[in-house]
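K.L.:
Would you mind keeping the following structure in view while I ask a few things?
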Amino acid sequence: MWKLNNRRGVKYYTISSFEETGIVRHGFSTREGGVSEGCYASMNLRFHCDDTRENVLKNYEIIANTLGMDVERLVLSKQVHEDIIHTATEADLGNGITRENRFTSVDALITDKPNIPLVTLYADCTPVFFLDRVKKVIALAHSGWRGTVQRISAKVIEKMKTGYGSDPKDILTAIGPSIQLDSFEVGDEVAEIFIKEFGAETAVKYGEKYHVSMQKAIKLQLIEAGVAADNIDDCGIDTYTHSDFLFSHRKTNGRRGNMGAFLELI
């Protein structure tokens, strides 16, 4: 179950199954609790936009402190809608925060080291959290429609198996706020890809237009990879219809900030 928290005005989601393990700090930010203004109000975590770097850094400091993380240790991804998974180590600490982001293509982060807080960013694409509670391995994947079709979530599971000896049955997963079926209109060519890869249930016609469910496609690939259905926690929250509370690229034609998924082994 996903839970909405409010700590001193900072509103963020947590995942009950992850909390219950006692071995991670984690959260997913909303728009509320930061210092940014205008279309970036207020918890904007997006660099390289019209917001000031000072505002964005302050927002990172606020959300990191709220989650009990050290802002200077955060490891940011570099998302380009591909399927590259980066193994985060001590050498990556501060990447994208205290120093320039050195990655060229990283849509998923993974580690088995404690005190390395992973961060991936969102404004409609699908956040996927992973936690092997036995081997103590964590990962985050940014799964837009291209990453979903490239089966980035299944590839994370495979990386956990081959790199860390994980048993998929021990892996907890969670699918965060993202654009949902009712809001995600796509062209016929994208719908055909989803139907071919994941079956007709992932693409539905609303009148003359197709809509796609990235969440259903992600769940299918996780189950195929061996994750138990009961270990997939899909929040079902639509960023598009809740764009006053969550950033949505599509709803605002790109005039928006970013939300963040945060995950750290204790």
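Residues are referred to by chain and number: the chain letter is A, B, ... according to the order shown in the structure tokens, the number counts from 1 in that chain, and ligands are numbered separately from 1 in the order shown.
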Report as a short mmCIF file (atom, residue, chain, number, x, y, z; two decimals) with N, CA and C atoms, in the first residue's frame: the residues of region 3-169 of chain A with a DSSP assignment of strand (DSSP E or B), based on the backbone of this structure.
P.N.:
```
data_model
loop_
_atom_site.label_atom_id
_atom_site.label_comp_id
_atom_site.auth_asym_id
_atom_site.auth_seq_id
_atom_site.Cartn_x
_atom_site.Cartn_y
_atom_site.Cartn_z
N LYS A 3 1.31 5.19 0.89
CA LYS A 3 0.80 6.07 1.94
C LYS A 3 1.29 7.50 1.69
N LEU A 4 0.37 8.48 1.77
CA LEU A 4 0.75 9.88 1.63
C LEU A 4 1.11 10.44 3.01
N ASN A 5 2.30 11.04 3.10
CA ASN A 5 2.80 11.60 4.35
C ASN A 5 2.89 13.11 4.24
N ASN A 6 2.79 13.78 5.37
CA ASN A 6 2.94 15.24 5.43
C ASN A 6 3.82 15.57 6.62
N ARG A 7 5.06 15.96 6.34
CA ARG A 7 6.00 16.30 7.41
C ARG A 7 6.44 17.75 7.23
N VAL A 10 5.95 19.14 3.79
CA VAL A 10 6.51 18.35 2.69
C VAL A 10 5.66 17.10 2.54
N LYS A 11 4.99 16.99 1.41
CA LYS A 11 4.12 15.85 1.18
C LYS A 11 4.82 14.86 0.25
N TYR A 12 4.84 13.60 0.66
CA TYR A 12 5.53 12.57 -0.10
C TYR A 12 4.89 11.21 0.18
N TYR A 13 5.10 10.28 -0.73
CA TYR A 13 4.55 8.94 -0.60
C TYR A 13 5.62 7.97 -0.08
N THR A 14 5.16 6.99 0.68
CA THR A 14 6.00 5.86 1.06
C THR A 14 5.25 4.57 0.77
N ILE A 15 5.97 3.46 0.77
CA ILE A 15 5.43 2.15 0.42
C ILE A 15 5.45 1.29 1.68
N VAL A 24 15.44 0.02 4.67
CA VAL A 24 15.60 1.09 3.68
C VAL A 24 14.98 2.39 4.19
N ARG A 25 15.52 3.48 3.64
CA ARG A 25 14.84 4.77 3.66
C ARG A 25 14.32 4.98 2.24
N HIS A 26 13.16 5.59 2.09
CA HIS A 26 12.64 5.77 0.74
C HIS A 26 11.52 6.79 0.73
N GLY A 27 11.14 7.20 -0.47
CA GLY A 27 10.00 8.08 -0.64
C GLY A 27 9.85 8.50 -2.08
N PHE A 28 8.68 9.05 -2.38
CA PHE A 28 8.40 9.62 -3.70
C PHE A 28 7.80 10.99 -3.47
N SER A 29 8.45 12.02 -4.00
CA SER A 29 8.03 13.40 -3.73
C SER A 29 6.78 13.78 -4.52
N VAL A 75 22.72 10.08 -5.41
CA VAL A 75 23.22 9.68 -6.73
C VAL A 75 22.07 9.81 -7.72
N LEU A 76 22.16 10.80 -8.61
CA LEU A 76 21.11 11.04 -9.59
C LEU A 76 21.36 10.25 -10.87
N LYS A 78 20.64 9.64 -15.13
CA LYS A 78 20.68 10.50 -16.33
C LYS A 78 19.77 9.84 -17.36
N ILE A 85 21.39 0.12 -16.97
CA ILE A 85 21.32 -0.01 -15.52
C ILE A 85 22.72 0.24 -14.97
N HIS A 86 22.85 1.20 -14.08
CA HIS A 86 24.16 1.53 -13.51
C HIS A 86 24.25 1.01 -12.08
N THR A 87 25.34 0.34 -11.76
CA THR A 87 25.61 -0.11 -10.40
C THR A 87 26.26 1.03 -9.63
N ASN A 95 26.73 12.48 -7.36
CA ASN A 95 26.59 12.65 -8.81
C ASN A 95 25.32 13.43 -9.15
N ARG A 99 28.41 17.66 -7.78
CA ARG A 99 29.24 17.77 -8.99
C ARG A 99 28.38 17.46 -10.20
N VAL A 106 21.60 6.61 -18.13
CA VAL A 106 21.30 5.75 -16.99
C VAL A 106 19.83 5.93 -16.63
N ALA A 108 18.24 3.37 -14.90
CA ALA A 108 18.02 2.58 -13.70
C ALA A 108 19.30 2.55 -12.88
N LEU A 109 19.12 2.56 -11.56
CA LEU A 109 20.24 2.51 -10.63
C LEU A 109 20.05 1.32 -9.70
N ILE A 110 21.16 0.66 -9.34
CA ILE A 110 21.10 -0.51 -8.48
C ILE A 110 22.31 -0.51 -7.55
N THR A 111 22.12 -1.01 -6.32
CA THR A 111 23.26 -1.15 -5.40
C THR A 111 22.91 -2.14 -4.30
N LEU A 118 19.78 6.40 -3.92
CA LEU A 118 19.52 6.45 -5.36
C LEU A 118 18.36 7.39 -5.65
N VAL A 119 18.45 8.10 -6.79
CA VAL A 119 17.40 9.06 -7.17
C VAL A 119 17.10 8.95 -8.66
N THR A 120 15.83 8.76 -9.01
CA THR A 120 15.37 8.86 -10.39
C THR A 120 14.22 9.86 -10.44
N LEU A 121 13.98 10.46 -11.60
CA LEU A 121 13.11 11.63 -11.71
C LEU A 121 11.95 11.40 -12.68
N TYR A 122 10.82 12.09 -12.41
CA TYR A 122 9.56 11.76 -13.11
C TYR A 122 8.64 12.97 -13.30
N THR A 126 6.93 6.14 -15.55
CA THR A 126 6.60 5.26 -14.43
C THR A 126 7.81 4.95 -13.56
N PRO A 127 7.73 5.27 -12.26
CA PRO A 127 8.78 4.88 -11.33
C PRO A 127 8.55 3.46 -10.83
N VAL A 128 9.61 2.66 -10.84
CA VAL A 128 9.52 1.29 -10.32
C VAL A 128 10.60 1.11 -9.25
N PHE A 129 10.16 0.74 -8.05
CA PHE A 129 11.04 0.49 -6.90
C PHE A 129 11.26 -1.01 -6.77
N PHE A 130 12.49 -1.39 -6.38
CA PHE A 130 12.84 -2.80 -6.20
C PHE A 130 13.58 -2.96 -4.87
N LEU A 131 13.26 -4.02 -4.12
CA LEU A 131 13.96 -4.32 -2.88
C LEU A 131 14.01 -5.83 -2.65
N ASP A 132 15.22 -6.37 -2.68
CA ASP A 132 15.43 -7.76 -2.27
C ASP A 132 15.72 -7.73 -0.78
N VAL A 137 19.42 -5.83 -1.64
CA VAL A 137 19.74 -5.14 -2.89
C VAL A 137 18.57 -4.22 -3.22
N ILE A 138 18.86 -3.02 -3.67
CA ILE A 138 17.81 -2.08 -4.06
C ILE A 138 18.04 -1.59 -5.48
N ALA A 139 16.97 -1.13 -6.12
CA ALA A 139 17.08 -0.54 -7.45
C ALA A 139 15.89 0.37 -7.70
N LEU A 140 16.11 1.32 -8.60
CA LEU A 140 15.04 2.19 -9.11
C LEU A 140 15.12 2.17 -10.63
N ALA A 141 13.96 2.12 -11.29
CA ALA A 141 13.93 2.18 -12.75
C ALA A 141 12.96 3.26 -13.21
N HIS A 142 13.42 4.05 -14.17
CA HIS A 142 12.58 5.05 -14.85
C HIS A 142 12.04 4.38 -16.11
N SER A 143 10.74 4.12 -16.12
CA SER A 143 10.14 3.34 -17.20
C SER A 143 9.08 4.17 -17.93
#
```
K.L.:
Enumerate the residues of region 209-253 of chain A with a DSSP assignment of helix (DSSP H, G or I), computed from the backbone, and present them as a list in words.
P.N.:
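Filtering region 209-253 of chain A down to helix (DSSP H, G or I) leaves Met214, Gln215, Lys216, Ala217, Ile218, Lys219, Leu220, Gln221, Leu222, Ile223, Glu224, Ala229, Asp230 and Asn231 of chain A.
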K.L.:
For Gln79 (chain A), work out the shell of residues within 7 Å, counting only C-alpha atoms and skipping chain neighbours fewer than 2 positions away, then give it as a list of chain:residue names.
P.N.:
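The neighbour list is A:Ser77, A:His81, A:Ser105, A:Val106, A:Asp107.
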K.L.:
Next, write the just-selected residues to a file, as a short mmCIF file (atom, residue, chain, number, x, y, z; two decimals), in the first residue's frame, keeping C-alpha atoms as the atom set.
P.N.:
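This went into result-v8.cif:
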```cif
data_model
loop_
_atom_site.label_atom_id
_atom_site.label_comp_id
_atom_site.auth_asym_id
_atom_site.auth_seq_id
_atom_site.Cartn_x
_atom_site.Cartn_y
_atom_site.Cartn_z
CA SER A 77 20.37 9.12 -12.77
CA HIS A 81 14.54 6.60 -22.22
CA SER A 105 22.65 7.19 -20.23
CA VAL A 106 21.30 5.75 -16.99
CA ASP A 107 17.60 4.99 -16.61
#
```
K.L.:
Using only C-alpha atoms, which of A:Ile23, A:Ile223, A:Ile97, A:Ile195 sits nearest Phe47 (chain A)?
P.N.:
A:Ile97
K.L.:
Counting only C-alpha atoms, which residue out of A:Thr98, A:Asn65, A:Asn44, A:Asn231 sits closest to Asp170 (chain A)?
P.N.:
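Distance minimum relative to Asp170 (chain A) lands on A:Asn231.
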K.L.:
Have a look at A:Cys49, A:Ala228, A:Ala200, A:Tyr210 and name the one nearest to Gly187 (chain A); count only C-alpha atoms.
P.N.:
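Checking each of A:Cys49, A:Ala228, A:Ala200, A:Tyr210 against Gly187 (chain A), counting only C-alpha atoms, the winner is A:Tyr210.
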K.L.:
Using only C-alpha atoms, which of the listed residues (A:Leu263, A:Leu67, A:Ala203, A:Ala191) sits closest to Arg8 (chain A)?
P.N.:
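With only C-alpha atoms as the atom set, the closest residue is A:Leu67.
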K.L.:
Residues at most 12 Å from Lys209 (chain A), counting only C-alpha atoms, excluding those fewer than 5 positions away in the same chain, as a list in words?
P.N.:
Leu181, Asp182, Ser183, Phe184, Glu185, Val186, Gly187, Asp188, Glu189, Val190, Ala191, Ala203 and Val204 of chain A
K.L.:
Can you tell me, as a list in words, what residues are no more than 8 Å from Ser178 (chain A) when counting only C-alpha atoms, ignoring any on the same chain fewer than 2 positions away?
P.N.:
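Everything that qualifies: Tyr122, Ala123, Asp124, Cys125, Thr126, Pro127, Gly176, Gln180, Gly236, Ile237, Asp238, Thr239 and Tyr240 of chain A.
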K.L.:
Only N, CA and C atoms, please: the residues just picked out, written as an mmCIF file, in the first residue's frame.
P.N.:
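What landed in selection_9.cif:
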```cif
data_model
loop_
_atom_site.group_PDB
_atom_site.id
_atom_site.type_symbol
_atom_site.label_atom_id
_atom_site.label_comp_id
_atom_site.auth_asym_id
_atom_site.auth_seq_id
_atom_site.Cartn_x
_atom_site.Cartn_y
_atom_site.Cartn_z
ATOM 1 N N TYR A 122 10.819 12.093 -12.411
ATOM 2 C CA TYR A 122 9.564 11.762 -13.107
ATOM 3 C C TYR A 122 8.643 12.968 -13.300
ATOM 4 N N ALA A 123 7.846 12.869 -14.381
ATOM 5 C CA ALA A 123 6.741 13.794 -14.601
ATOM 6 C C ALA A 123 5.791 13.166 -15.621
ATOM 7 N N ASP A 124 5.337 11.961 -15.368
ATOM 8 C CA ASP A 124 4.403 11.110 -16.129
ATOM 9 C C ASP A 124 4.955 9.704 -16.342
ATOM 10 N N CYS A 125 6.285 9.562 -16.591
ATOM 11 C CA CYS A 125 6.851 8.229 -16.754
ATOM 12 C C CYS A 125 6.718 7.442 -15.458
ATOM 13 N N THR A 126 6.931 6.143 -15.548
ATOM 14 C CA THR A 126 6.603 5.260 -14.433
ATOM 15 C C THR A 126 7.814 4.950 -13.561
ATOM 16 N N PRO A 127 7.730 5.274 -12.261
ATOM 17 C CA PRO A 127 8.782 4.882 -11.333
ATOM 18 C C PRO A 127 8.554 3.461 -10.835
ATOM 19 N N GLY A 176 4.995 3.499 -9.003
ATOM 20 C CA GLY A 176 4.595 4.779 -8.439
ATOM 21 C C GLY A 176 3.694 5.618 -9.323
ATOM 22 N N GLN A 180 -1.726 7.280 -16.357
ATOM 23 C CA GLN A 180 -2.474 6.026 -16.370
ATOM 24 C C GLN A 180 -3.229 5.842 -17.696
ATOM 25 N N GLY A 236 -1.542 3.139 -8.633
ATOM 26 C CA GLY A 236 -2.683 3.529 -9.455
ATOM 27 C C GLY A 236 -2.968 5.023 -9.504
ATOM 28 N N ILE A 237 -2.009 5.850 -9.111
ATOM 29 C CA ILE A 237 -2.212 7.304 -9.047
ATOM 30 C C ILE A 237 -1.811 7.929 -10.380
ATOM 31 N N ASP A 238 -2.715 8.733 -10.952
ATOM 32 C CA ASP A 238 -2.521 9.319 -12.277
ATOM 33 C C ASP A 238 -1.930 10.725 -12.165
ATOM 34 N N THR A 239 -0.711 10.911 -12.668
ATOM 35 C CA THR A 239 -0.080 12.221 -12.629
ATOM 36 C C THR A 239 -0.829 13.245 -13.485
ATOM 37 N N TYR A 240 -1.421 12.789 -14.578
ATOM 38 C CA TYR A 240 -2.119 13.710 -15.496
ATOM 39 C C TYR A 240 -3.346 14.325 -14.832
#
```
K.L.:
Leaving out Glu201 (chain A) and any residue of its chain fewer than 5 positions from it, which residues lie within 9 Å of it when counting only C-alpha atoms, given as a count of residues only?
P.N.:
5
K.L.:
With only C-alpha atoms as the counted atoms, please give the residues lying no more than 12 Å from Lys161 (chain A), apart from itself and same-chain residues fewer than 2 positions off, as a list of chain:residue names.
P.N.:
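So, after excluding close chain neighbours, the residues are A:Asp132, A:Lys135, A:Val137, A:Ala154, A:Lys155, A:Val156, A:Ile157, A:Glu158, A:Lys159, A:Gly163, A:Tyr164, A:Gly165, A:Ser166, A:Asp167, A:Pro168, A:Lys169, A:Asp170, A:Ile171, A:Ala225, A:Gly226, A:Val227.
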K.L.:
So which one's closest to Thr104 (chain A), A:Glu208, A:Val80, A:Met160, A:Arg31? Using only C-alpha atoms, please.
P.N.:
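Closest to Thr104 (chain A) of all the choices is A:Val80.
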K.L.:
So how far away is CA of Phe262 (chain A) from CA of Lys219 (chain A), in Å?
P.N.:
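CA of Phe262 (chain A) lies at a distance of 20.7 Å from CA of Lys219 (chain A).
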K.L.:
Let me make sure I understand: among A:Glu100, A:Asp50, A:Asp244, A:Glu72, which one has the smallest atom-to-atom distance to Pro117 (chain A) if we use only C-alpha atoms?
P.N.:
A:Glu72
K.L.:
Quick one, how far is CA of Glu264 (chain A) from CA of Arg146 (chain A)?
P.N.:
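Interatomic distance, CA of Glu264 (chain A) to CA of Arg146 (chain A): 26.1 Å.
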K.L.:
Please report the interatomic distance between CA of Asp230 (chain A) and CA of Ser17 (chain A) in Å with one decimal.
P.N.:
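Interatomic distance, CA of Asp230 (chain A) to CA of Ser17 (chain A): 10.6 Å.
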